[in-house]
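S.K.: This is input-v4.tsv (TSV, C-alpha atoms).
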```tsv
chain	number	residue	atom	x	y	z
I	1	MET	CA	-6.45	31.10	28.81
I	2	ALA	CA	-3.70	32.00	26.33
I	3	GLY	CA	-3.94	28.48	24.86
I	4	LEU	CA	-7.58	29.07	24.04
I	5	VAL	CA	-6.76	32.26	22.19
I	6	MET	CA	-3.97	30.63	20.16
I	7	CYS	CA	-6.04	27.62	19.14
I	8	PRO	CA	-8.47	29.55	16.89
I	9	GLY	CA	-5.53	31.49	15.47
I	10	ALA	CA	-3.68	28.29	14.65
I	11	LEU	CA	-6.78	26.82	13.04
I	12	ALA	CA	-7.27	29.94	10.94
I	13	ALA	CA	-3.62	29.88	9.81
I	14	ALA	CA	-3.89	26.21	8.86
I	15	ARG	CA	-7.05	26.91	6.88
I	16	VAL	CA	-5.42	29.83	5.03
I	17	HIS	CA	-2.58	27.53	3.95
I	18	GLY	CA	-4.68	24.41	3.37
I	19	VAL	CA	-7.34	25.70	0.97
I	20	PRO	CA	-4.97	26.95	-1.77
I	21	HIS	CA	-2.77	23.86	-1.29
I	22	GLU	CA	-5.73	21.51	-1.79
I	23	ARG	CA	-6.82	23.39	-4.91
I	24	ARG	CA	-3.35	23.05	-6.46
I	25	ASN	CA	-2.92	19.38	-5.53
I	26	GLY	CA	-2.53	17.28	-8.67
I	27	ARG	CA	-3.09	20.17	-11.07
I	28	THR	CA	-0.58	20.53	-13.87
I	29	ARG	CA	1.10	23.82	-14.38
I	30	VAL	CA	4.04	25.30	-16.22
I	31	ARG	CA	6.86	26.32	-13.95
I	32	GLY	CA	9.32	28.94	-15.11
I	33	ARG	CA	12.32	27.31	-13.52
I	34	ASP	CA	11.71	24.16	-15.58
I	35	ASP	CA	12.39	26.13	-18.75
I	36	GLY	CA	15.42	24.65	-20.43
I	37	LYS	CA	15.44	21.51	-18.27
I	38	GLN	CA	15.95	18.49	-20.48
I	39	LEU	CA	16.11	14.84	-19.48
I	40	GLY	CA	17.41	11.94	-21.49
I	41	ALA	CA	17.36	8.16	-21.26
I	42	ALA	CA	20.43	8.19	-18.97
I	43	GLU	CA	18.70	10.34	-16.32
I	44	LEU	CA	15.37	8.54	-16.63
I	45	GLY	CA	16.66	4.98	-16.69
I	46	GLY	CA	14.38	4.33	-19.66
I	47	GLU	CA	13.76	5.49	-23.20
I	48	LEU	CA	11.85	8.66	-24.05
I	49	GLY	CA	8.50	8.28	-25.76
I	50	GLU	CA	8.29	9.13	-29.46
I	51	ARG	CA	5.80	11.92	-28.76
I	52	ALA	CA	5.96	12.50	-24.98
I	53	THR	CA	7.08	10.97	-21.70
I	54	LEU	CA	5.25	10.98	-18.37
I	55	VAL	CA	7.85	10.92	-15.58
I	56	GLN	CA	6.58	10.01	-12.12
I	57	PHE	CA	8.64	10.54	-8.97
I	58	SER	CA	7.43	8.15	-6.27
I	59	SER	CA	8.44	6.87	-2.85
I	60	ALA	CA	7.89	3.51	-1.19
I	61	PHE	CA	5.25	4.52	1.35
I	62	CYS	CA	3.29	6.95	-0.85
I	63	ALA	CA	-0.33	5.83	-1.21
I	64	PRO	CA	-1.23	8.40	-3.93
I	65	CYS	CA	1.78	7.15	-5.94
I	66	ARG	CA	0.03	3.85	-6.62
I	67	ALA	CA	-3.07	5.60	-7.97
I	68	THR	CA	-0.88	7.95	-10.01
I	69	ARG	CA	0.98	4.96	-11.48
I	70	ARG	CA	-2.34	3.50	-12.59
I	71	VAL	CA	-3.58	6.77	-14.15
I	72	LEU	CA	-0.33	7.45	-16.01
I	73	GLY	CA	-0.13	3.84	-17.21
I	74	GLU	CA	-3.67	4.07	-18.59
I	75	VAL	CA	-2.94	7.35	-20.37
I	76	ALA	CA	0.34	6.03	-21.82
I	77	ALA	CA	-1.48	2.92	-23.12
I	78	MET	CA	-4.23	5.07	-24.60
I	79	VAL	CA	-2.07	7.67	-26.41
I	80	PRO	CA	0.32	6.34	-29.10
I	81	GLY	CA	3.94	7.43	-28.69
I	82	VAL	CA	3.63	8.25	-24.98
I	83	THR	CA	5.76	6.44	-22.40
I	84	HIS	CA	5.43	6.32	-18.61
I	85	VAL	CA	8.63	6.17	-16.54
I	86	GLU	CA	8.55	5.86	-12.75
I	87	ILE	CA	11.54	7.01	-10.70
I	88	ASP	CA	12.14	6.12	-7.05
I	89	ALA	CA	12.76	9.55	-5.49
I	90	GLU	CA	14.77	8.08	-2.60
I	91	ALA	CA	17.13	6.28	-4.97
I	92	ARG	CA	17.60	9.32	-7.23
I	93	LEU	CA	18.13	12.19	-4.78
I	94	ASP	CA	20.51	13.85	-7.25
I	95	LEU	CA	17.74	14.17	-9.83
I	96	VAL	CA	15.16	15.13	-7.18
I	97	ARG	CA	17.37	18.02	-6.05
I	98	ALA	CA	18.25	19.12	-9.58
I	99	LEU	CA	14.57	19.29	-10.57
I	100	GLY	CA	13.29	20.73	-7.29
I	101	ILE	CA	10.96	17.83	-6.53
I	102	LEU	CA	9.44	18.57	-3.10
I	103	ARG	CA	6.87	15.79	-2.69
I	104	THR	CA	5.66	12.53	-4.14
I	105	PRO	CA	4.02	11.90	-6.40
I	106	THR	CA	5.32	14.57	-8.73
I	107	VAL	CA	4.71	14.13	-12.44
I	108	LEU	CA	6.72	15.79	-15.19
I	109	VAL	CA	5.46	15.85	-18.77
I	110	LEU	CA	8.32	15.83	-21.26
I	111	ASP	CA	8.10	16.53	-24.98
I	112	SER	CA	9.76	14.23	-27.53
I	113	ALA	CA	13.14	15.93	-26.97
I	114	GLY	CA	12.94	15.43	-23.19
I	115	ARG	CA	12.16	19.05	-22.29
I	116	VAL	CA	9.94	19.58	-19.24
I	117	VAL	CA	6.73	21.24	-20.44
I	118	ARG	CA	4.42	20.57	-17.47
I	119	ARG	CA	4.63	19.60	-13.81
I	120	ALA	CA	2.08	18.38	-11.28
I	121	ALA	CA	2.57	17.75	-7.57
I	122	GLY	CA	0.12	15.37	-5.99
I	123	GLN	CA	-2.18	12.82	-7.57
I	124	PRO	CA	-3.26	14.11	-11.00
I	125	ARG	CA	-6.64	13.52	-12.58
I	126	LYS	CA	-6.70	11.59	-15.84
I	127	ALA	CA	-8.27	14.53	-17.71
I	128	ASP	CA	-5.51	16.86	-16.51
I	129	VAL	CA	-2.80	14.45	-17.69
I	130	ILE	CA	-4.40	14.17	-21.12
I	131	ALA	CA	-4.70	17.98	-21.34
I	132	ALA	CA	-1.04	18.39	-20.30
I	133	LEU	CA	0.01	16.03	-23.09
I	134	GLY	CA	-1.45	18.56	-25.52
I	135	GLU	CA	1.45	20.84	-24.58
I	136	ALA	CA	4.02	18.16	-25.31
I	137	VAL	CA	2.79	16.65	-28.59
```
Output the structure of this file as structure tokens.
M.R.:
Amino acid sequence: MAGLVMCPGALAAARVHGVPHERRNGRTRVRGRDDGKQLGAAELGGELGERATLVQFSSAFCAPCRATRRVLGEVAAMVPGVTHVEIDAEARLDLVRALGILRTPTVLVLDSAGRVVRRAAGQPRKADVIAALGEAV
């Protein structure tokens, strides 16, 4: 009988956590702790874009990472001076820890100097990526 009482409670708790999480998934937002964070070519393993850089943290078995790669590649090809750099999170645990990356895909939008201006966890929508670039350029 106690199991029956806990089951609705567990479902309610999961729902309370899940709804806000789903609404945030893939949305870009400014994070205070990213203020002052700056990345260069050495950390990224590739050159910064002239106007902005889209940095994607991925992992091998991440299905949304493939879709994110496609979206970011399309945006980088569409906007002059924007570069897309993909980083294997498992291979760069030092950078993952330093930047507080908690899941893949995570996308950072860097300005031309390499400062983090936006961050999105989860698969971003193309329109959100384009809007986030407005902060960087």
S.K.: Go ahead and compute the interatomic distance for CA of Cys65 in chain I and CA of Val85 in chain I, in Å to one decimal.
M.R.: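 If I compute the distance from CA of Cys65 in chain I to CA of Val85 in chain I, I get 12.7 Å.
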S.K.: Which one of I:Thr83, I:Thr68, I:Ser58, I:Thr53 sits closest to Arg103 in chain I if you count all atoms listed in the file?
M.R.: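 Nearest to Arg103 in chain I: I:Ser58.
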S.K.: Quick check, in Å to one decimal: how far apart do CA of Arg69 in chain I and CA of Ala121 in chain I lie?
M.R.: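 Computing the Euclidean distance for CA of Arg69 in chain I and CA of Ala121 in chain I yields 13.5 Å.
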S.K.: Counting all atoms listed in the file, find the residues whose atoms lie at most 12 Å from (-3.5, 16.2, -18.7) (file coordinates) and write them out as a PyMOL selection string.
M.R.: chain I and resi 26-29+52+54+71-72+75-76+79+107-109+117-120+123-137
S.K.: Using only C-alpha atoms, can you tell me which of I:Gln56, I:Thr104, I:Gln38, I:Ser112 comes closest to His84 in chain I?
M.R.: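 Ranking I:Gln56, I:Thr104, I:Gln38, I:Ser112 by distance to His84 in chain I, first place goes to I:Gln56.
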S.K.: Have a look at I:Leu102, I:Leu110, I:Val116, I:Ala89 and name the one nearest to Phe57 in chain I; count all atoms listed in the file.
M.R.: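 Ranked by minimum distance to Phe57 in chain I, first place goes to I:Ala89.
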S.K.: Just give me the gap between CA of Gly81 in chain I and CA of Leu95 in chain I in Å, one decimal is fine.
M.R.: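 Those two atoms sit 24.3 Å apart.
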S.K.: Using the file's own x, y and z axes, what box holds all listed atoms of range 100-117 of chain I with 8 Å on each side, keeping edges along x, y and z, and what are its centre and edge lengths in Å to one decimal, as JSON?
M.R.:
```
{"center_x": 8.7, "center_y": 16.6, "center_z": -15.1, "size_x": 25.3, "size_y": 25.3, "size_z": 40.8}
```
S.K.: Would you please work out which residue, of I:Gly122, I:Gly45, I:Pro64, I:Gly114, is nearest to Ala91 in chain I when using all atoms listed in the file?
M.R.: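 Selected residue with least distance to Ala91 in chain I: I:Gly45.
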S.K.: What's around Leu44 in chain I at 9 Å? Count only C-alpha atoms, leave out sequence neighbours fewer than 6 positions away in its own chain, and write the answer as a ChimeraX atom specification.
M.R.: /I:55,85-87
S.K.: Can you complete the atoms of range 113-126 of chain I to N, CA and C atoms and list them as a compact mmCIF listing (two decimals), keeping the file's coordinate frame?
M.R.:
```txt
# COMPACT_ATOMS: atom_id res chain seq x y z
N ALA I 113 11.72 15.65 -27.16
CA ALA I 113 13.14 15.93 -26.97
C ALA I 113 13.57 15.82 -25.51
N GLY I 114 12.62 15.56 -24.61
CA GLY I 114 12.94 15.43 -23.19
C GLY I 114 12.86 16.72 -22.40
N ARG I 115 12.32 17.78 -23.00
CA ARG I 115 12.16 19.05 -22.29
C ARG I 115 10.93 19.00 -21.39
N VAL I 116 11.06 19.53 -20.18
CA VAL I 116 9.94 19.58 -19.24
C VAL I 116 8.98 20.67 -19.69
N VAL I 117 7.73 20.26 -20.00
CA VAL I 117 6.73 21.24 -20.44
C VAL I 117 5.63 21.44 -19.40
N ARG I 118 5.42 20.46 -18.53
CA ARG I 118 4.42 20.57 -17.47
C ARG I 118 4.88 19.83 -16.24
N ARG I 119 4.30 20.22 -15.09
CA ARG I 119 4.63 19.60 -13.81
C ARG I 119 3.39 19.58 -12.95
N ALA I 120 3.20 18.47 -12.22
CA ALA I 120 2.08 18.38 -11.28
C ALA I 120 2.59 17.74 -10.00
N ALA I 121 2.25 18.34 -8.87
CA ALA I 121 2.57 17.75 -7.57
C ALA I 121 1.29 17.22 -6.98
N GLY I 122 1.31 16.00 -6.51
CA GLY I 122 0.12 15.37 -5.99
C GLY I 122 -0.48 14.45 -7.04
N GLN I 123 -1.54 13.78 -6.68
CA GLN I 123 -2.18 12.82 -7.57
C GLN I 123 -2.96 13.56 -8.66
N PRO I 124 -2.56 13.41 -9.93
CA PRO I 124 -3.26 14.11 -11.00
C PRO I 124 -4.53 13.37 -11.44
N ARG I 125 -5.45 14.13 -11.99
CA ARG I 125 -6.64 13.52 -12.58
C ARG I 125 -6.30 13.13 -14.02
N LYS I 126 -6.95 12.08 -14.49
CA LYS I 126 -6.70 11.59 -15.84
C LYS I 126 -6.91 12.69 -16.89
```
